[in-house]
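Student: Got a structure here, written out as structure tokens. Questions coming.
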Amino acid sequence: SGFTEEQEALVVKSWNSMKKNSGELGLKFFIKIFEIAPSAKKLFSFLNDSDVPLEQNPKLKPHAVTVFVMTCESAVQLRKAGKVTLKESSLKDLGATHFKYGVVDEHFEVTKYALLETIKEAVPEMWSPEMKNAWAEAYDQLAAAIKIEMKPPS
Ligand code: HEM
Ligand code: ISQ
């Protein structure tokens with residue numbers, strides 16, 4: 001039961017194969033989110049504050065890559081500890097930031113779908129139902145941990 005060593009290996013293996021193209025991957029990830037939920041663009045201050053086209057925005061790729069890296073780390077934590085073990089202070093910060101920018105449950109769903117689609121297209125030769133489940137579980141648990149802290153800062 002819980003998150004297995006095999007599941008962790010599926011996530012880590014696919015991430016190791018994807019990360020050399022992480023910039024391109026991050027851009028694709030963002031574009032997928034905005035295709036499904038165009039209004040989500042408004043949430044990101046660094047896109048609104050900028051005059052350059054989306055794909056040239058210097059902050060876009062590093063931001064998107066962070067979500068991949070954190071989901072991969074979540075997989076490692078779930079296997080080791082059975083839960084997401086981000087520092088409480090960083091979870092509080094993440095929760096407060098996402099609350100402040102108006103992120104809601106539907107955004108988490110769209111982002112999950114876009115993440116899985118992006119991985120499927122990046123490593124088609126590795127992709128399997130088991131790999132999809134492993135990434136989905138790691139993402140869901142990370143998202144749940146963030147959502148618990150999504151409230152006004154106290
Ligand atoms: C900011 C991670 C889900 C929208 C951030 C930051 C991180 C992060 C690390 C930077 C925090 C900071 O600057 O203090 C994650 C992870 C997610 C997730 C790991 C899922 C497990 C989402 C979703 C949305 C979203 C679903 C909405 C589509 C934003 C926005 C910001 C942000 C709008 C602030 C960007 C800005 O500075 O303008 N996220 N995020 N995030 N995230 Fe997420
Ligand atoms: C969520 N939070 C921060 C950055 C992101 C980049 C791409 C997709 C989702 C994100």
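Within each chain, counting starts at residue 1; across the structure tokens, chains are named A, B, ... in the order shown, with ligands numbered 1 upward in that order.
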Return as a PyMOL selection string every polymer residue, whether protein, DNA or RNA, with at least one atom no more than 6 Å from an atom of ligand 1; count only C-alpha atoms and all ligand atoms.
Tutor: chain A and resi 40+43-46+66-67+70+94+97-98+101+103+107-108+111+139+142-143
Student: Next, write the just-selected residues to a file, as a PDB file, in the first residue's frame, keeping N, CA, C and O atoms as the atom set.
Tutor:
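Dumped everything to out.pdb:
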ATOM      1  N   ALA A  40      -6.783  31.587 -16.979  1.00  0.00           N
ATOM      2  CA  ALA A  40      -5.715  31.345 -15.995  1.00  0.00           C
ATOM      3  C   ALA A  40      -4.508  32.250 -16.248  1.00  0.00           C
ATOM      4  O   ALA A  40      -3.722  32.505 -15.333  1.00  0.00           O
ATOM      5  N   LEU A  43      -3.837  35.163 -13.939  1.00  0.00           N
ATOM      6  CA  LEU A  43      -3.360  34.920 -12.573  1.00  0.00           C
ATOM      7  C   LEU A  43      -1.868  35.215 -12.423  1.00  0.00           C
ATOM      8  O   LEU A  43      -1.391  35.523 -11.335  1.00  0.00           O
ATOM      9  N   PHE A  44      -1.128  35.080 -13.521  1.00  0.00           N
ATOM     10  CA  PHE A  44       0.328  35.142 -13.413  1.00  0.00           C
ATOM     11  C   PHE A  44       0.821  36.569 -13.623  1.00  0.00           C
ATOM     12  O   PHE A  44       0.817  37.080 -14.738  1.00  0.00           O
ATOM     13  N   SER A  45       1.290  37.187 -12.533  1.00  0.00           N
ATOM     14  CA  SER A  45       1.678  38.604 -12.593  1.00  0.00           C
ATOM     15  C   SER A  45       2.799  38.832 -13.602  1.00  0.00           C
ATOM     16  O   SER A  45       2.812  39.832 -14.305  1.00  0.00           O
ATOM     17  N   PHE A  46       3.719  37.879 -13.696  1.00  0.00           N
ATOM     18  CA  PHE A  46       4.868  38.098 -14.582  1.00  0.00           C
ATOM     19  C   PHE A  46       4.474  38.025 -16.055  1.00  0.00           C
ATOM     20  O   PHE A  46       5.240  38.434 -16.921  1.00  0.00           O
ATOM     21  N   THR A  66       9.621  24.341 -12.097  1.00  0.00           N
ATOM     22  CA  THR A  66       9.444  24.165 -10.649  1.00  0.00           C
ATOM     23  C   THR A  66       8.329  23.177 -10.326  1.00  0.00           C
ATOM     24  O   THR A  66       8.456  22.375  -9.397  1.00  0.00           O
ATOM     25  N   VAL A  67       7.243  23.243 -11.079  1.00  0.00           N
ATOM     26  CA  VAL A  67       6.120  22.339 -10.803  1.00  0.00           C
ATOM     27  C   VAL A  67       6.523  20.882 -11.079  1.00  0.00           C
ATOM     28  O   VAL A  67       6.189  19.984 -10.294  1.00  0.00           O
ATOM     29  N   MET A  70       9.004  19.856  -8.221  1.00  0.00           N
ATOM     30  CA  MET A  70       8.325  19.647  -6.935  1.00  0.00           C
ATOM     31  C   MET A  70       7.459  18.392  -6.943  1.00  0.00           C
ATOM     32  O   MET A  70       7.339  17.703  -5.931  1.00  0.00           O
ATOM     33  N   LEU A  94       3.562  28.724   0.068  1.00  0.00           N
ATOM     34  CA  LEU A  94       2.926  28.298  -1.189  1.00  0.00           C
ATOM     35  C   LEU A  94       1.415  28.443  -1.109  1.00  0.00           C
ATOM     36  O   LEU A  94       0.767  28.893  -2.056  1.00  0.00           O
ATOM     37  N   THR A  97       0.536  32.178  -1.245  1.00  0.00           N
ATOM     38  CA  THR A  97       0.717  32.725  -2.601  1.00  0.00           C
ATOM     39  C   THR A  97      -0.435  32.296  -3.517  1.00  0.00           C
ATOM     40  O   THR A  97      -1.023  33.122  -4.210  1.00  0.00           O
ATOM     41  N   HIS A  98      -0.772  31.025  -3.505  1.00  0.00           N
ATOM     42  CA  HIS A  98      -1.836  30.551  -4.396  1.00  0.00           C
ATOM     43  C   HIS A  98      -3.196  31.099  -3.996  1.00  0.00           C
ATOM     44  O   HIS A  98      -4.044  31.360  -4.846  1.00  0.00           O
ATOM     45  N   TYR A 101      -3.292  34.850  -5.286  1.00  0.00           N
ATOM     46  CA  TYR A 101      -3.465  35.038  -6.728  1.00  0.00           C
ATOM     47  C   TYR A 101      -4.800  34.485  -7.242  1.00  0.00           C
ATOM     48  O   TYR A 101      -5.078  34.562  -8.431  1.00  0.00           O
ATOM     49  N   VAL A 103      -6.078  31.246  -7.115  1.00  0.00           N
ATOM     50  CA  VAL A 103      -6.098  29.890  -7.673  1.00  0.00           C
ATOM     51  C   VAL A 103      -7.210  29.082  -6.984  1.00  0.00           C
ATOM     52  O   VAL A 103      -7.363  29.143  -5.765  1.00  0.00           O
ATOM     53  N   HIS A 107      -8.411  25.021 -11.282  1.00  0.00           N
ATOM     54  CA  HIS A 107      -7.072  25.281 -11.824  1.00  0.00           C
ATOM     55  C   HIS A 107      -6.141  24.105 -11.535  1.00  0.00           C
ATOM     56  O   HIS A 107      -5.310  23.729 -12.365  1.00  0.00           O
ATOM     57  N   PHE A 108      -6.278  23.534 -10.344  1.00  0.00           N
ATOM     58  CA  PHE A 108      -5.447  22.371  -9.997  1.00  0.00           C
ATOM     59  C   PHE A 108      -5.769  21.188 -10.908  1.00  0.00           C
ATOM     60  O   PHE A 108      -4.877  20.424 -11.283  1.00  0.00           O
ATOM     61  N   THR A 111      -4.331  21.914 -14.404  1.00  0.00           N
ATOM     62  CA  THR A 111      -2.870  21.823 -14.336  1.00  0.00           C
ATOM     63  C   THR A 111      -2.421  20.367 -14.273  1.00  0.00           C
ATOM     64  O   THR A 111      -1.436  19.974 -14.908  1.00  0.00           O
ATOM     65  N   TYR A 139       1.303  14.311  -7.769  1.00  0.00           N
ATOM     66  CA  TYR A 139       0.738  15.656  -7.954  1.00  0.00           C
ATOM     67  C   TYR A 139      -0.436  15.894  -6.996  1.00  0.00           C
ATOM     68  O   TYR A 139      -0.519  16.942  -6.341  1.00  0.00           O
ATOM     69  N   LEU A 142       0.682  16.490  -3.440  1.00  0.00           N
ATOM     70  CA  LEU A 142       1.322  17.799  -3.324  1.00  0.00           C
ATOM     71  C   LEU A 142       0.267  18.906  -3.371  1.00  0.00           C
ATOM     72  O   LEU A 142       0.274  19.831  -2.535  1.00  0.00           O
ATOM     73  N   ALA A 143      -0.661  18.797  -4.322  1.00  0.00           N
ATOM     74  CA  ALA A 143      -1.729  19.799  -4.436  1.00  0.00           C
ATOM     75  C   ALA A 143      -2.559  19.845  -3.149  1.00  0.00           C
ATOM     76  O   ALA A 143      -2.899  20.934  -2.661  1.00  0.00           O
TER      77      ALA A 143
END
Student: Return as number ranges by chain the residues of protein, DNA or RNA that approach ligand 2 to within 7 Å, with only C-alpha atoms and all ligand atoms taken into account.
Tutor: A: 26, 29-30, 33, 60, 63-64, 66-67, 111
Student: Mind checking which residues fall within 6 Å of region 6-23 of chain A, counting only C-alpha atoms, ignoring those fewer than 6 positions away in the same chain, and posting them as a compact mmCIF listing (two decimals) with C-alpha atoms, in the first residue's frame?
Tutor:
# COMPACT_ATOMS: atom_id res chain seq x y z
CA LYS A 61 10.11 28.33 -18.17
CA ALA A 75 7.10 11.21 -5.28
CA VAL A 76 10.37 10.70 -3.40
CA MET A 131 3.50 5.92 -14.99
CA ALA A 134 2.39 7.53 -10.26
Student: Using only C-alpha atoms, which residue out of A:Leu116, A:Lys87, A:Phe99, A:Pro58 lies closest to Ser128 (chain A)?
Tutor: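 Using only C-alpha atoms, the shortest distance to Ser128 (chain A) belongs to A:Leu116.
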